[in-house]
Structures are given as structure tokens and as C-alpha cells.
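Student: Dropping in my_file-v6.txt, with compact mmCIF, C-alpha atoms and all ligand atoms.
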# COMPACT_ATOMS: atom_id res chain seq x y z
CA MET A 1 63.68 -137.51 116.18
CA PRO A 2 63.57 -136.02 119.68
CA TYR A 3 62.85 -138.13 122.67
CA GLU A 4 62.51 -137.35 126.32
CA GLY A 5 64.42 -138.90 129.17
CA LEU A 6 62.76 -141.77 130.96
CA SER A 7 62.71 -140.20 134.40
CA ARG A 8 60.83 -137.17 133.21
CA LEU A 9 58.44 -139.32 131.24
CA THR A 10 57.82 -141.61 134.14
CA ILE A 11 56.99 -138.78 136.51
CA THR A 12 54.68 -137.18 133.98
CA ALA A 13 53.09 -140.44 133.04
CA ILE A 14 52.36 -141.54 136.59
CA CYS A 15 50.33 -138.36 137.07
CA VAL A 16 48.17 -138.68 134.01
CA LEU A 17 48.00 -142.27 132.90
CA PHE A 18 46.18 -144.03 135.66
CA ALA A 19 43.10 -141.90 135.13
CA PRO A 20 42.22 -143.36 131.71
CA ALA A 21 42.90 -146.87 132.96
CA LEU A 22 40.57 -146.46 135.91
CA ARG A 23 37.96 -144.79 133.78
CA ALA A 24 38.12 -147.64 131.30
CA GLN A 25 37.49 -150.17 134.04
CA ALA A 26 34.76 -148.15 135.71
CA LEU A 27 32.73 -147.60 132.56
CA ALA A 28 33.81 -150.76 130.76
CA PRO A 29 33.41 -149.24 127.30
CA ALA A 30 33.49 -151.45 124.28
CA PRO A 31 37.10 -151.32 123.12
CA SER A 32 37.62 -149.57 119.81
CA LEU A 33 40.22 -152.17 118.92
CA ASP A 34 39.37 -155.79 118.20
CA VAL A 35 40.11 -158.40 120.86
CA GLU A 36 40.27 -162.05 119.85
CA ARG A 37 41.10 -165.09 121.93
CA VAL A 38 44.02 -167.03 120.45
CA LYS A 39 44.17 -169.88 123.01
CA ASP A 40 43.25 -170.14 126.69
CA ASP A 41 44.51 -166.99 128.41
CA LEU A 42 46.19 -165.58 125.32
CA HIS A 43 44.40 -162.91 123.30
CA VAL A 44 45.36 -160.62 120.46
CA ILE A 45 44.42 -156.95 120.07
CA SER A 46 44.31 -155.68 116.50
CA GLY A 47 42.86 -152.85 114.46
CA GLU A 48 45.68 -150.33 114.24
CA GLY A 49 49.42 -150.77 114.15
CA GLY A 50 50.90 -154.18 114.89
CA ASN A 51 49.17 -157.09 116.61
CA VAL A 52 49.37 -156.92 120.41
CA ALA A 53 49.39 -160.21 122.33
CA VAL A 54 47.75 -160.20 125.77
CA TYR A 55 48.78 -163.06 128.06
CA VAL A 56 46.81 -163.11 131.29
CA THR A 57 48.39 -164.70 134.36
CA ASP A 58 47.26 -164.77 138.01
CA GLU A 59 49.80 -162.06 138.82
CA GLY A 60 49.28 -159.69 135.93
CA VAL A 61 49.38 -159.32 132.19
CA ILE A 62 52.24 -159.72 129.74
CA LEU A 63 51.83 -157.74 126.52
CA VAL A 64 53.76 -158.28 123.34
CA ASP A 65 54.04 -154.88 121.62
CA ASP A 66 52.02 -151.77 122.36
CA MET A 67 51.07 -150.23 118.98
CA PHE A 68 51.37 -146.47 118.56
CA TYR A 69 51.73 -143.91 121.33
CA ARG A 70 48.19 -142.76 120.55
CA ASN A 71 46.72 -146.25 121.17
CA PHE A 72 47.65 -146.46 124.85
CA ASP A 73 44.19 -145.82 126.31
CA GLU A 74 42.52 -148.14 123.80
CA ILE A 75 44.96 -150.93 124.57
CA LEU A 76 44.30 -150.63 128.30
CA ALA A 77 40.56 -150.68 127.59
CA ALA A 78 41.00 -153.80 125.47
CA VAL A 79 43.03 -155.48 128.23
CA ALA A 80 40.34 -154.50 130.77
CA SER A 81 37.78 -156.30 128.62
CA VAL A 82 39.48 -159.64 129.36
CA THR A 83 40.95 -159.13 132.87
CA ASP A 84 40.93 -156.79 135.87
CA LEU A 85 44.64 -157.38 136.41
CA PRO A 86 47.23 -154.74 135.48
CA VAL A 87 49.86 -154.93 132.77
CA ALA A 88 53.16 -156.04 134.31
CA TYR A 89 55.44 -156.42 131.28
CA VAL A 90 55.57 -155.32 127.67
CA VAL A 91 57.89 -157.22 125.33
CA ASN A 92 58.71 -155.37 122.10
CA THR A 93 59.22 -157.43 118.94
CA HIS A 94 61.18 -154.49 117.48
CA GLN A 95 61.36 -150.73 117.67
CA HIS A 96 59.05 -149.47 114.90
CA ASP A 97 56.47 -147.13 116.29
CA ASP A 98 53.48 -149.23 115.25
CA HIS A 99 54.83 -151.90 117.66
CA ALA A 100 56.76 -150.02 120.35
CA GLY A 101 55.17 -146.58 120.08
CA GLY A 102 53.35 -146.96 123.38
CA ASN A 103 56.52 -147.65 125.40
CA ALA A 104 56.83 -144.11 126.75
CA LYS A 105 53.41 -144.41 128.37
CA MET A 106 53.76 -148.08 129.34
CA HIS A 107 56.79 -147.19 131.48
CA ALA A 108 54.44 -145.73 134.08
CA ILE A 109 52.77 -149.10 134.70
CA ALA A 110 55.06 -151.85 133.41
CA ASP A 111 58.59 -152.96 132.62
CA VAL A 112 59.43 -152.76 128.93
CA ILE A 113 61.63 -155.53 127.55
CA ALA A 114 63.36 -155.73 124.17
CA HIS A 115 66.43 -156.97 122.38
CA ARG A 116 69.44 -154.77 123.08
CA GLU A 117 69.53 -153.58 119.48
CA VAL A 118 66.01 -152.20 119.88
CA ARG A 119 67.30 -149.91 122.60
CA ALA A 120 70.35 -149.04 120.50
CA ASN A 121 68.22 -148.32 117.43
CA LEU A 122 65.78 -146.19 119.39
CA SER A 123 68.67 -144.29 120.92
CA ASP A 124 70.08 -143.56 117.48
CA ILE A 125 67.32 -143.45 114.90
CA ARG A 126 69.14 -143.69 111.58
CA GLN A 127 66.06 -143.93 109.40
CA PRO A 128 62.84 -142.24 110.47
CA TYR A 129 60.00 -144.68 110.79
CA TYR A 130 57.39 -142.60 112.42
CA GLU A 131 53.75 -142.76 111.46
CA ASP A 132 52.85 -141.16 114.76
CA THR A 133 52.77 -137.42 115.27
CA PRO A 134 56.24 -135.93 114.82
CA GLY A 135 57.75 -135.30 118.23
CA THR A 136 55.97 -138.25 119.83
CA PRO A 137 58.18 -139.36 122.72
CA ILE A 138 60.16 -142.55 122.36
CA GLY A 139 60.22 -145.03 125.23
CA LEU A 140 63.46 -146.96 125.57
CA PRO A 141 63.13 -150.51 126.92
CA ASN A 142 64.38 -150.68 130.51
CA ILE A 143 65.24 -154.40 130.32
CA THR A 144 67.24 -155.74 127.36
CA PHE A 145 68.55 -159.14 126.30
CA ALA A 146 70.90 -160.57 123.69
CA ASP A 147 69.78 -164.07 122.69
CA GLU A 148 67.06 -165.17 125.06
CA LEU A 149 65.08 -163.95 128.01
CA THR A 150 62.64 -166.05 130.00
CA LEU A 151 59.87 -164.27 131.82
CA ARG A 152 57.92 -166.05 134.57
CA LEU A 153 54.76 -164.57 136.02
CA GLY A 154 51.83 -166.19 137.79
CA GLY A 155 53.14 -169.69 137.10
CA LYS A 156 53.38 -169.06 133.37
CA GLU A 157 56.38 -168.68 131.13
CA VAL A 158 57.14 -166.50 128.14
CA ARG A 159 60.39 -166.66 126.20
CA ALA A 160 61.73 -163.80 124.11
CA ARG A 161 64.17 -165.16 121.53
CA HIS A 162 66.48 -163.50 119.04
CA PHE A 163 67.34 -165.70 116.07
CA GLY A 164 69.26 -163.18 113.98
CA ARG A 165 68.65 -160.38 111.54
CA GLY A 166 65.68 -159.91 109.27
CA HIS A 167 63.20 -157.05 109.47
CA THR A 168 65.73 -155.24 111.73
CA ASP A 169 68.74 -156.40 113.77
CA GLY A 170 66.73 -156.49 117.00
CA ASP A 171 63.80 -158.71 116.09
CA ALA A 172 62.41 -160.72 118.99
CA VAL A 173 60.17 -163.74 118.58
CA VAL A 174 58.03 -164.24 121.65
CA TYR A 175 57.23 -167.85 122.46
CA PHE A 176 54.44 -169.13 124.69
CA PRO A 177 55.62 -172.71 125.24
CA GLU A 178 52.60 -174.01 127.18
CA LEU A 179 50.30 -172.85 124.39
CA LYS A 180 52.57 -173.62 121.42
CA VAL A 181 52.11 -170.11 120.06
CA VAL A 182 54.69 -167.61 118.77
CA HIS A 183 54.41 -163.89 118.11
CA THR A 184 56.84 -163.16 115.28
CA GLY A 185 56.65 -159.39 115.01
CA ASP A 186 57.23 -158.24 111.43
CA LEU A 187 59.44 -161.22 110.57
CA PHE A 188 56.16 -162.72 109.37
CA LEU A 189 53.04 -161.03 108.03
CA GLY A 190 49.74 -162.89 107.91
CA ARG A 191 47.75 -162.81 104.72
CA ARG A 192 44.01 -162.55 104.40
CA PRO A 193 42.13 -164.20 101.54
CA ALA A 194 42.23 -162.10 98.38
CA ALA A 195 38.61 -160.99 98.69
CA ALA A 196 39.23 -159.56 102.14
CA ASP A 197 42.52 -157.90 101.33
CA PRO A 198 42.61 -156.83 97.68
CA GLY A 199 45.36 -154.27 98.26
CA GLY A 200 48.29 -156.03 99.74
CA GLY A 201 49.74 -159.44 100.17
CA ALA A 202 46.64 -161.11 98.82
CA GLU A 203 46.49 -164.86 98.70
CA GLY A 204 48.22 -166.28 95.68
CA LYS A 205 50.66 -163.40 95.43
CA PRO A 206 54.16 -163.34 96.87
CA PRO A 207 54.47 -161.60 100.25
CA GLY A 208 56.67 -158.90 98.78
CA VAL A 209 54.22 -156.06 99.02
CA ASN A 210 54.35 -156.10 102.76
CA ILE A 211 57.84 -157.12 103.74
CA TYR A 212 60.20 -154.36 104.74
CA VAL A 213 63.92 -154.77 105.28
CA ASP A 214 64.99 -151.90 107.52
CA TYR A 215 68.63 -151.71 106.49
CA ALA A 216 69.23 -148.48 108.38
CA GLN A 217 68.42 -150.38 111.55
CA GLY A 218 70.28 -153.56 110.79
CA GLY A 219 67.78 -155.52 108.71
CA SER A 220 68.91 -158.20 106.24
CA PHE A 221 67.00 -159.79 103.37
CA VAL A 222 69.77 -162.39 102.97
CA GLU A 223 69.67 -163.55 106.59
CA TRP A 224 65.89 -163.28 107.08
CA THR A 225 65.12 -166.88 106.06
CA ALA A 226 67.77 -168.32 108.38
CA THR A 227 66.20 -166.29 111.17
CA LEU A 228 62.83 -167.86 110.32
CA ASP A 229 64.48 -171.28 110.39
CA GLY A 230 65.36 -170.55 114.02
CA VAL A 231 61.71 -169.75 114.70
CA LEU A 232 60.57 -172.92 112.94
CA ALA A 233 62.78 -175.01 115.23
CA LEU A 234 60.41 -174.13 118.08
CA ASP A 235 57.45 -176.39 118.87
CA PHE A 236 54.35 -174.37 117.94
CA ASP A 237 51.21 -174.64 115.83
CA THR A 238 49.82 -171.09 115.96
CA VAL A 239 51.41 -167.82 114.91
CA ILE A 240 50.54 -164.24 115.80
CA PRO A 241 52.10 -162.26 112.95
CA GLY A 242 53.28 -158.66 113.23
CA HIS A 243 50.31 -157.70 111.08
CA GLY A 244 47.42 -159.69 109.63
CA PRO A 245 45.32 -162.57 110.92
CA VAL A 246 46.39 -165.20 113.43
CA SER A 247 47.98 -167.90 111.28
CA SER A 248 49.24 -171.46 111.31
CA ARG A 249 52.70 -172.97 111.31
CA ASP A 250 52.10 -173.95 107.66
CA ASP A 251 51.40 -170.31 106.81
CA LEU A 252 54.80 -169.39 108.21
CA VAL A 253 56.47 -172.21 106.27
CA ARG A 254 54.86 -170.91 103.05
CA PHE A 255 55.86 -167.33 103.84
CA ARG A 256 59.46 -168.41 104.32
CA ALA A 257 59.47 -170.24 100.98
CA ASP A 258 57.94 -167.25 99.17
CA LEU A 259 60.47 -164.94 100.78
CA GLU A 260 63.35 -167.15 99.72
CA ALA A 261 62.09 -167.40 96.13
CA MET A 262 61.68 -163.62 95.95
CA ARG A 263 65.11 -162.97 97.42
CA ASP A 264 66.87 -165.45 95.13
CA ARG A 265 65.11 -164.12 92.05
CA ILE A 266 66.04 -160.50 92.79
CA ALA A 267 69.60 -161.49 93.69
CA SER A 268 69.95 -163.34 90.37
CA LEU A 269 68.78 -160.27 88.46
CA ILE A 270 71.26 -158.03 90.25
CA ARG A 271 74.16 -160.43 89.80
CA ALA A 272 73.28 -160.73 86.10
CA GLY A 273 73.79 -156.98 85.79
CA ALA A 274 70.25 -155.59 86.01
CA THR A 275 70.17 -151.82 86.47
CA LYS A 276 68.50 -150.24 89.47
CA GLN A 277 65.60 -149.17 87.23
CA GLN A 278 65.13 -152.76 86.04
CA VAL A 279 65.11 -154.03 89.60
CA LEU A 280 62.61 -151.36 90.61
CA ALA A 281 60.38 -152.37 87.70
CA VAL A 282 60.31 -155.99 88.87
CA PHE A 283 59.41 -154.98 92.40
CA GLU A 284 56.62 -152.76 91.11
CA THR A 285 55.21 -155.20 88.57
CA ASP A 286 55.50 -158.47 90.45
CA TYR A 287 55.58 -157.57 94.13
CA GLY A 288 53.38 -154.50 94.36
CA TRP A 289 56.01 -152.08 95.62
CA ARG A 290 55.60 -148.43 94.63
CA SER A 291 58.44 -146.08 93.73
CA THR A 292 56.27 -143.13 92.72
CA GLY A 293 53.28 -141.34 94.16
CA CYS A 294 54.32 -142.08 97.72
CA PRO A 295 53.88 -139.54 100.49
CA PRO A 296 57.00 -138.89 102.61
CA THR A 297 54.96 -139.94 105.65
CA PRO A 298 53.29 -142.09 106.75
CA PRO A 299 55.10 -145.08 105.26
CA THR A 300 52.43 -146.43 102.93
CA PRO A 301 52.55 -150.18 102.23
CA GLY A 302 54.54 -150.73 99.09
CA CYS A 303 56.21 -147.32 99.42
CA LEU A 304 58.32 -147.69 102.51
CA GLN A 305 60.51 -150.38 101.00
CA PHE A 306 62.00 -148.09 98.38
CA GLN A 307 63.53 -145.83 100.99
CA GLN A 308 66.39 -148.26 101.34
CA MET A 309 66.55 -149.76 97.85
CA ASP A 310 70.25 -148.96 97.40
CA SER A 311 71.08 -150.98 100.51
CA LEU A 312 68.91 -153.85 99.33
CA ILE A 313 70.57 -153.96 95.91
CA GLU A 314 73.97 -153.79 97.55
CA GLU A 315 73.23 -156.68 99.91
CA LEU A 316 71.63 -158.95 97.30
CA GLY A 317 74.37 -158.24 94.78
CA ARG A 318 77.18 -159.52 97.01
ZN ZN A 401 58.19 -153.12 111.72
Could I get this structure in the form of C-alpha cells?
Ligand SMILES: [Zn+2]

Tutor:
Amino acid sequence: MPYEGLSRLTITAICVLFAPALRAQALAPAPSLDVERVKDDLHVISGEGGNVAVYVTDEGVILVDDMFYRNFDEILAAVASVTDLPVAYVVNTHQHDDHAGGNAKMHAIADVIAHREVRANLSDIRQPYYEDTPGTPIGLPNITFADELTLRLGGKEVRARHFGRGHTDGDAVVYFPELKVVHTGDLFLGRRPAAADPGGGAEGKPPGVNIYVDYAQGGSFVEWTATLDGVLALDFDTVIPGHGPVSSRDDLVRFRADLEAMRDRIASLIRAGATKQQVLAVFETDYGWRSTGCPPTPPTPGCLQFQQMDSLIEELGR
């Protein structure tokens, strides 16, 4: 996957990117994405890609994630619907392009922060995960951290934490301590009631249809629950998931339990000598994954997971 150097991107972006932002403010169009207040000055933008948190301070805006490259103008319009202040920082929860795809454009207006493995993974894409147009430029984070980074702006504080491997090896959980809210990225996926979400992850079913362990970029099904235990040690009551509706702490506790039950069940099958075909059949029948009829791109829910099935079986069989 090609990507362009930051300096060239920055120069190009400065020339072209302020125009849409100014236009959005001048005309104040209704944003095409949904904007919902989570608590006080914290909002979430949703509608395409991953959930984007918008934290407004007196000195600017902190975003968590920036969706796809193509969503840049819409995100700025959505931000402009809640504040006149500019975006100062973007914190990536991980490198997938539905969460960090806007980085290349965000560089023109903000610092982009992520775990150091996000930068490493973006520098060396080992497994394509690109729903965006092929050739879409990648934006490397310009500030990286290992375990924890505290961001202070306008008298408010945001903490980016890394609790270990799970969805990838660079997952950041972004904590808003004054509000008792966390943004988990794809370490947790919110579930809508069955009637509103008949396709995937419906209430009453295990979360398996939506979880994705990106082994090529350091993910781990085995370690995922311990990583969530790190998250659960924080003091919070509200969760912005990587995808799906704003959820509660109890929702995250349930997700963790479901994930553990699923992992242990599959691991038991593998250790008992199940063949790959038998394991695939369980995923398809009980967790909604799909091994056939999947397009090569984009990664359709239930399809993406099979790309790295050999790695999953290897890890769970240890
Ligand atoms: Zn992801």
C-alpha cells in the first residue's frame, strides 16, 4: 500500500484543506454524519467508519479517531456544528483506515497521536485493511507513546492508555477522567437491540460476528480479555465503542465475558483436535462469520475475520 511522505502531504494539505473547513463554518450545513452529546463537552460523531469522539475545550478540540480519508470534510462540518474552535489533536485508537484514515488530511490542522505500534504498523502494512480507495494516502502519527500519554488542553485532561494486545498490538484506550468516559476503539463493539441490528452482533448473540483479531498487525485473542481488564480498572461509567452505540460499563463487562467464553470454547475445540474445517463451521454457525461469498474488499463484517484464521487457530491451540 503506497503512502506519501508527511512533508509533501502537509504542504499539499495546507493549500486545499482550509477551504472546506471555512466553507462549512460559513454555510453551517447540516452535517451528513450524526452528532450526539455523550456528556458535557464530549460528543460522538457516527455514521460511517468508527465512532469519533469530539472533546471541546477552551483552547481547541481533541478528536479520538478520524474515520476514513473521505470523511474529512464531513467530520470538520460535524465539529463546526458544536464549536467554532479548531481541531488541535487527533488521538488514534489504532491504525485501521475506518479509524485513522483521515490522518493524512488532519496533519494540516492538528497533531496526530497514537501508540508507537500504530506508526510501526502503518509504516509496514503486513495485512491490507483498506476499505478506502486503493492508493489513499496514509498519515503516520507524528506523536507516539508506549504505555500512557496525558494530553492537557484548555484546562482539561485526556489520557491515552495502552493496556496490551487485542484487536491489534497498538490499541489505545482514551480516557476522559473528569467525565468518567472511555473510548475503547475496536477492543469493544457496542451492540444495538436485535430489532435495530438484525445482521450483526444482535442482542442475545455472542459478539463474535464483529470482533476481529488482526494477527498480521499484532492482535491477540488470548490476551484481549486481560487488556480489557486493564480498561475496567479505570473509573468510568460510559463507553464510546469503536463501532455501535454509546454503551455502559456493564455492557463492556458483558462483552468481556462473552469474548472469554467464545475464546475458551474455540480453544477447547482446537486442543481436542478439531480440524480447521470443523472450527470454521463453528464460527459460521454460532458466531456469524462467513468463509464463503466474501468480496476481497471491502472487509465485510463476518468475512474479514477469516483472512487470518490460520493465525487464530495457531494461537488458540497453544
Ligand atoms: Zn479496527

Student: Taking only C-alpha atoms and all ligand atoms into account, which residues are within 7 Å of ligand ZN 401 (chain A), as number ranges by chain?

Tutor: A: 94, 96, 99, 167, 186

Student: Give the answer as one residue: which of A:Val213, A:Leu234, A:Leu259, A:Val44 has the shortest atom-to-atom distance to Ile313 of chain A, using only C-alpha atoms?

Tutor: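 That would be A:Val213, the residue with the smallest distance to Ile313 of chain A.
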
Student: Closest to Asp132 of chain A among A:Ala100, A:Val118, A:Met106, A:Leu280, using all atoms listed in the file?

Tutor: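 Once distances to Asp132 of chain A are computed over all atoms listed in the file, the minimum belongs to A:Ala100.
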
Student: Grab the atom CA of Arg256 of chain A to atom CA of Thr227 of chain A distance for me, in Å with one decimal place.

Tutor: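 Between atom CA of Arg256 of chain A and atom CA of Thr227 of chain A the gap works out to 9.8 Å.
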
Student: Using all atoms listed in the file, pick whichever of A:Leu140, A:Tyr287, A:Val222, A:His243 has the shortest atom-to-atom distance to Arg263 of chain A.

Tutor: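 Among the listed residues, the smallest separation from Arg263 of chain A belongs to A:Val222.
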
Student: Can you pull out every residue within 8 Å of Leu187 of chain A, counting only C-alpha atoms, but drop anything in the same chain fewer than 4 positions away, and send it as a list in words?

Tutor: Gly166, His167, Asp171, Trp224, Leu228, Pro241 and Gly242 of chain A

Student: To one decimal place, how far is atom CA of Gln277 of chain A from atom CA of Asp310 of chain A in Å?

Tutor: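 Between atom CA of Gln277 of chain A and atom CA of Asp310 of chain A the gap is 11.2 Å.
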
Student: Counting all atoms listed in the file, which residues sit no farther than 7 Å from the position (54.2, -172.7, 112.7) in the file's frame? I'd like them as a PyMOL selection string.

Tutor: chain A and resi 232+236-239+248-253

Student: In Å, how far is it from atom CA of Ile143 of chain A to atom CA of Pro245 of chain A?

Tutor: 29.0 Å

Student: Out of A:Met262, A:Ala53, A:Ile240, A:Val279, which residue has the shortest atom-to-atom distance to Thr225 of chain A when counting all atoms listed in the file?

Tutor: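 The answer is A:Met262, which sits nearest to Thr225 of chain A.
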
Student: Tell me which of A:Gly60, A:Asp97, A:Asp40, A:Asp169 sits closest to Ala80 of chain A, counting all atoms listed in the file.

Tutor: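 Smallest separation from Ala80 of chain A among the options: A:Gly60.
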